[in-house]
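Visitor: Provided herewith is a single structure, encoded as structure tokens, for subsequent inquiry.
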Amino acid sequence: MTSRREFLIGASAAGLLSSFAIPGIAVAAANTHKRFVLVILRGGMDGLAAFPPIGDPNYQSLRGGLAQSAKNAIALDRTFSMHKSLEPLMKHYRKGHMAVAHAVAVPQRTRSHFDAQNVLENGAAKAHLMQDGWLNRALSVIDSQEQRLGLSVGYSTPPVMRGTTPTASWAPARIPPSPADLLDTLGNLYQSDPVLGRALNEGRRAQAMTGAVLGDSKMKRGNMRSPGRFRSLAESAGRLLAAEQGARIAVIEMGGWDTHANQGTTTGRLARNLGLLAQGLDELSLRLTPVWQDTVICVVTEFGRTVRMNGSNGTDHGTASAAMLLGGAVAGGRVATRWPGLSDAALYGGRDLAPTSDMRGLFKTVLRDHLNIPSRVLNQKVFPDSKNAKAPPGQLIRV
Amino acid sequence: MTSVDAFIAANRFGLGPKGGYLGGISGDPQSWLLRQLGSEDGALPYLKGLPRSEEIGRAWLQARGSREMRKMFNKNRVKPLFRKEILQRTRAAIETDTPFRERLVRFWSNHFTVSITKGRVRGIAGAFEREAIRPFVTGNFAEMLLAVTRHPAMLIYLDNQASVGPNSRLGLRQNKGLNENLAREILEPHTLGVDGGYRQEDVIALAKMLTGWTIAGKRSAQAGQFKFNARRHEPGTKQFLGKRYPEDGEEEAEKALRTLADHPSTARFVATKLARHFVADNPPSDVVDQLQRKFKETGGDLGALARELVTLSAIWDKPLTKVKSPSELVISVFRMLGSPAKPKQMIQPLQLLGQLPFSAPSPAGWPDTAKDWISPESLLRRIELMDLLARRQSSRHDPVNLAEQAFGPVAREETLLSIKRAPSRQAALSLLLSSPEFQRR
């Protein structure tokens, strides 16, 4: 928890910076108390492994060597189970604080990581139609005073958070911080440089905000998307979001989901990754305890994977996958899906789980019911051309 | 006398002036660049003593008997080798007298990324670049594509050594099947590009044609090298990009790759990437058109494309259009200030800024625009690192002279003034390294 003293240290450090005003106290007066975290699983997470439809009559035969048995998985209902590596999340599910949306996909049918991630993050009906990310456009509605309610955790701002609304970013410090006078001088030298100038200004503001909450966190260097990093990033994100003057909306990335080979079932690469994901989400929930009732965490991926195993005990790029909603504000304890089934006729392209819900429908429901952004604004500004995007069935957020 | 042309030649085409000195180039910058394309690869002397891929491949095949042996092999052989590889590669870039050629090596090595995100690539990633990229940067695109696709590092990185035709002899016996990974990435980041006009059926057809392209086992005379294994090859005619490919074993995939190298979408895709790298993040379409035409005219002659780049007025008209990537930045610092005393200090900055060699996050390689590399957080890291390097690398040069030399032709008054007024030599050097004139190329 942030003490008054830490906050003052942050504010006085900010006072040393001269070239622009730091809104030291502005965030404390944020116009929303709701928290929203988007977790992007990059590489194509296998929804049929995370939440196997063990009750589907075609599941065992189609999945073959990658099929899980009812004995090794945690049953959620008559059709669906949860991979046993996700066990740390089961307590949330039982409390009704976790929902699974199944057979959900981005609106464009593509098996390219590049296009699928682009469309997942730009919020349009197709890849490359929009330059900025939907979370940034959503922020422009909530964060009209530019209080930097948006936060990216990691070394780069993910495309979903990029856009004209200024956001904060945080990554573990690894080198001694630069002296303020150096940054002041560079601030002047960068003034006419659109790229460097803007980044430096935003970086300094973010530093002033997050420094007070996290102090000097020491984390190992390296790739911030690597699965092993997720837990510590989630922990920091949780602390920043829980703080009174912290951000409200955050995005975290986690890689390692492109399991073309040796995917494994209850052990192996995917099982390990799911375990790291669950531990990280659990850590995040722990840090968000004080604000848990106002929290929604949404975990998504760009596409699912083929239903059948490929030639190397892995799966190739598919279509629909599963998404998770987690938090005290979630109306959970259920799998929300219009299950298409795994019969030959039901498979997309004869090989993939067919999508019956649109990812944008899921996002819009959360933004509307949790962050109170009106549907009209969502349809016009945040997700243009999404009027007919189907949400997973039923209520997802407690209202 | 230095000139803007010399600055552009040294920075946009090269990897930064050695010793910060532009004078050596200023006579005729264009000829200096063109000469490098015809001359010996200046990096080679720095890459001596590094093993060929089959040497490591053979040793791996011997060692893979048990879990314990694999662990020891990775610890005692692969780990120190990878360190040596990236050290010598970095030193080569810092020292080479053919920096334009070296930039091309890095461009193509990134285009055909192999990455240690797949652990088994670690021991042969360096060899991949030496064997499949470096010899071809002024050669032919199709030849590079073939060398790359046959290389054990690529076959491992994109899982082709695990792909089996479901109706092949092995497939029928062991109930194994296709792995689409290599086929998809050949079509997308290697040749046609994401919108290049192929469908899922084409991915599968190419994957089938590629079955059997694998690595010879330990009992073979070619252990650790490329081998076509007919027992894994999916038999039958394949339909690829609207054309029939009758059963032809190993030759099928070679024909398909040559078709891809010849495809207009490939010419467009490569031209766009080159223009983005050498001209600007959003390159003008006439420049892309011109490079695309050259690619087509010359049948993918990469030397001719490099020479075409040197003639582009869009490059010479506008300095500082590109923000340096982390590795470009670090190499240019060390080319100016000299290599650091300890090897660790040469690698650490690359690691800190998130661009360790051979560790790109996906088969698409490292990104190549400012918005990918400059975020609020990463820029602060950059400045901190530049400050650290300024403290470490006490230059013998006076920072004011160094700035005049290194970017005098494009320097703004306020940058030079800030460096002059800095409270200490170290603070002046720190400003120089973080100035827009040094952060850009």
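If you're wondering about the labels, chains in the structure tokens are A, B, ... by order shown, residues count from 1 in each chain, ligands from 1 in order shown.
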Give me, as an MDAnalysis selection string, the contact residues of chain B against chain A at a cut-off of 8 Å, counting only C-alpha atoms.

Guide: chainID B and resid 159 162:164 166 176:181 188 194 351:352 354 370:381 383:385 387:388 414:415 418 427 431 434:436

Visitor: If you run DSSP on the backbone here, which positions in stretch 235-388 of chain A get alpha helix (DSSP H)? Please write them as a PyMOL selection string.

Guide: chain A and resi 235-242+269-287+359-369+375-377

Visitor: Once DSSP has gone over the backbone, tell me which residues of stretch 220-265 of chain B are in strand (DSSP E or B), as JSON, numbers by chain.

Guide: {"B": [226, 227, 228, 238, 239, 240, 243, 244, 245]}

Visitor: Please list as a VMD selection string every residue within 10 Å of A:Glu87, counting only C-alpha atoms and excluding residues in the same chain fewer than 2 positions away.

Guide: chain A and resid 73 to 74 82 to 85 89 to 93 274 to 275 278 to 279

Visitor: Grab the residues selected above and save them as a compact mmCIF listing (two decimals), in the first residue's frame with N, CA and C atoms.

Guide:
# COMPACT_ATOMS: atom_id res chain seq x y z
N ALA A 73 -8.16 -33.44 -15.67
CA ALA A 73 -8.56 -32.04 -15.79
C ALA A 73 -9.60 -31.72 -14.71
N ILE A 74 -9.89 -30.43 -14.55
CA ILE A 74 -10.84 -30.02 -13.53
C ILE A 74 -12.18 -29.72 -14.21
N MET A 82 -11.17 -27.55 -17.10
CA MET A 82 -10.09 -26.58 -17.05
C MET A 82 -8.79 -27.37 -16.95
N HIS A 83 -7.78 -26.94 -17.69
CA HIS A 83 -6.48 -27.60 -17.61
C HIS A 83 -5.98 -27.55 -16.17
N LYS A 84 -5.36 -28.62 -15.74
CA LYS A 84 -5.04 -28.68 -14.32
C LYS A 84 -3.95 -27.67 -13.93
N SER A 85 -3.18 -27.19 -14.91
CA SER A 85 -2.19 -26.15 -14.58
C SER A 85 -2.86 -24.82 -14.20
N LEU A 89 -6.59 -20.77 -10.39
CA LEU A 89 -7.71 -19.88 -10.70
C LEU A 89 -9.05 -20.46 -10.26
N MET A 90 -9.02 -21.74 -9.87
CA MET A 90 -10.28 -22.43 -9.60
C MET A 90 -11.04 -21.77 -8.45
N LYS A 91 -10.30 -21.23 -7.48
CA LYS A 91 -11.01 -20.59 -6.35
C LYS A 91 -11.83 -19.39 -6.82
N HIS A 92 -11.32 -18.70 -7.82
CA HIS A 92 -12.08 -17.57 -8.37
C HIS A 92 -13.32 -18.06 -9.11
N TYR A 93 -13.12 -19.13 -9.84
CA TYR A 93 -14.25 -19.69 -10.60
C TYR A 93 -15.36 -20.12 -9.64
N LEU A 274 0.75 -22.46 -19.13
CA LEU A 274 -0.54 -22.22 -18.47
C LEU A 274 -0.33 -22.06 -16.96
N GLY A 275 0.60 -22.84 -16.42
CA GLY A 275 0.91 -22.72 -15.00
C GLY A 275 1.45 -21.33 -14.67
N ALA A 278 -1.38 -18.85 -14.79
CA ALA A 278 -2.27 -18.92 -13.63
C ALA A 278 -1.61 -18.29 -12.40
N GLN A 279 -0.32 -18.59 -12.22
CA GLN A 279 0.38 -18.00 -11.08
C GLN A 279 0.41 -16.48 -11.17

Visitor: Could you tell me how far atom CA of A:Thr266 sits from atom CA of A:Gly65, in Å to one decimal place?

Guide: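 Separating atom CA of A:Gly65 from atom CA of A:Thr266 is a distance of 11.4 Å.
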
Visitor: For each of A:Met98, A:Ala322, A:Ile54, A:Val106, take the minimum atom-to-atom distance to A:Arg78, counting only C-alpha atoms, then give the residue where this is smallest.

Guide: A:Ile54

Visitor: Could you jot down the atom CA of B:Leu432 to atom CA of B:Tyr21 separation for me, Å, one decimal place?

Guide: 14.7 Å

Visitor: In Å to one decimal, how far is atom CA of B:Phe7 from atom CA of B:Phe407?

Guide: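 According to the coordinates, atom CA of B:Phe407 and atom CA of B:Phe7 are separated by 6.6 Å.
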
Visitor: Would you mind listing what lies within 6 Å of stretch 93-101 of chain B as a list in words, with only C-alpha atoms counted and same-chain residues fewer than 2 positions away left out?

Guide: Phe13, Gly14, Leu15, Gln36, Gly42, Ala43, Thr90, Arg91, Arg103, Leu104, Ile331 and Arg335 of chain B

Visitor: If we count only C-alpha atoms, what is near A:Arg398 at a cut-off of 8 Å, once residues fewer than 5 positions away on the same chain are taken out, given as number ranges by chain?

Guide: A: 329-331, 369

Visitor: Quick one: everything within 12 Å of stretch 224-227 of chain B, counting only C-alpha atoms, minus sequence neighbours fewer than 2 positions away in the same chain. Send it as a ChimeraX atom specification.

Guide: /B:52-62,124,128,131,146-156,160-161,210-222,229-233,250

Visitor: Name all residues at most 9 Å from A:Gly55 (count only C-alpha atoms; drop same-chain ones fewer than 4 positions away) and give them as a ChimeraX atom specification.

Guide: /A:59,70,77-81

Visitor: Any chance you could export the current selection's N, CA and C atoms as an mmCIF file, in the first residue's frame?

Guide:
data_model
loop_
_atom_site.group_PDB
_atom_site.id
_atom_site.type_symbol
_atom_site.label_atom_id
_atom_site.label_comp_id
_atom_site.auth_asym_id
_atom_site.auth_seq_id
_atom_site.Cartn_x
_atom_site.Cartn_y
_atom_site.Cartn_z
ATOM 1 N N TYR A 59 -14.318 -34.877 -29.193
ATOM 2 C CA TYR A 59 -13.065 -34.316 -28.659
ATOM 3 C C TYR A 59 -11.927 -35.331 -28.615
ATOM 4 N N ALA A 70 -10.809 -36.808 -18.454
ATOM 5 C CA ALA A 70 -11.594 -36.194 -17.380
ATOM 6 C C ALA A 70 -10.863 -36.327 -16.043
ATOM 7 N N ASP A 77 -18.214 -27.912 -16.169
ATOM 8 C CA ASP A 77 -19.626 -28.281 -16.348
ATOM 9 C C ASP A 77 -19.653 -29.591 -17.127
ATOM 10 N N ARG A 78 -20.784 -29.917 -17.736
ATOM 11 C CA ARG A 78 -20.864 -31.232 -18.380
ATOM 12 C C ARG A 78 -19.987 -31.320 -19.631
ATOM 13 N N THR A 79 -19.749 -30.181 -20.255
ATOM 14 C CA THR A 79 -18.953 -30.198 -21.477
ATOM 15 C C THR A 79 -17.490 -29.818 -21.225
ATOM 16 N N PHE A 80 -17.293 -28.781 -20.413
ATOM 17 C CA PHE A 80 -15.963 -28.179 -20.345
ATOM 18 C C PHE A 80 -15.213 -28.496 -19.060
ATOM 19 N N SER A 81 -13.897 -28.593 -19.223
ATOM 20 C CA SER A 81 -13.016 -28.718 -18.077
ATOM 21 C C SER A 81 -11.964 -27.624 -18.150
#

Visitor: From the set A:Ser61, A:Gln245, A:Ser357, A:Gln131, which residue has the shortest atom-to-atom contact distance to A:Leu342, counting only C-alpha atoms?

Guide: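 Looking only at the distances to A:Leu342, the closest residue turns out to be A:Ser61.
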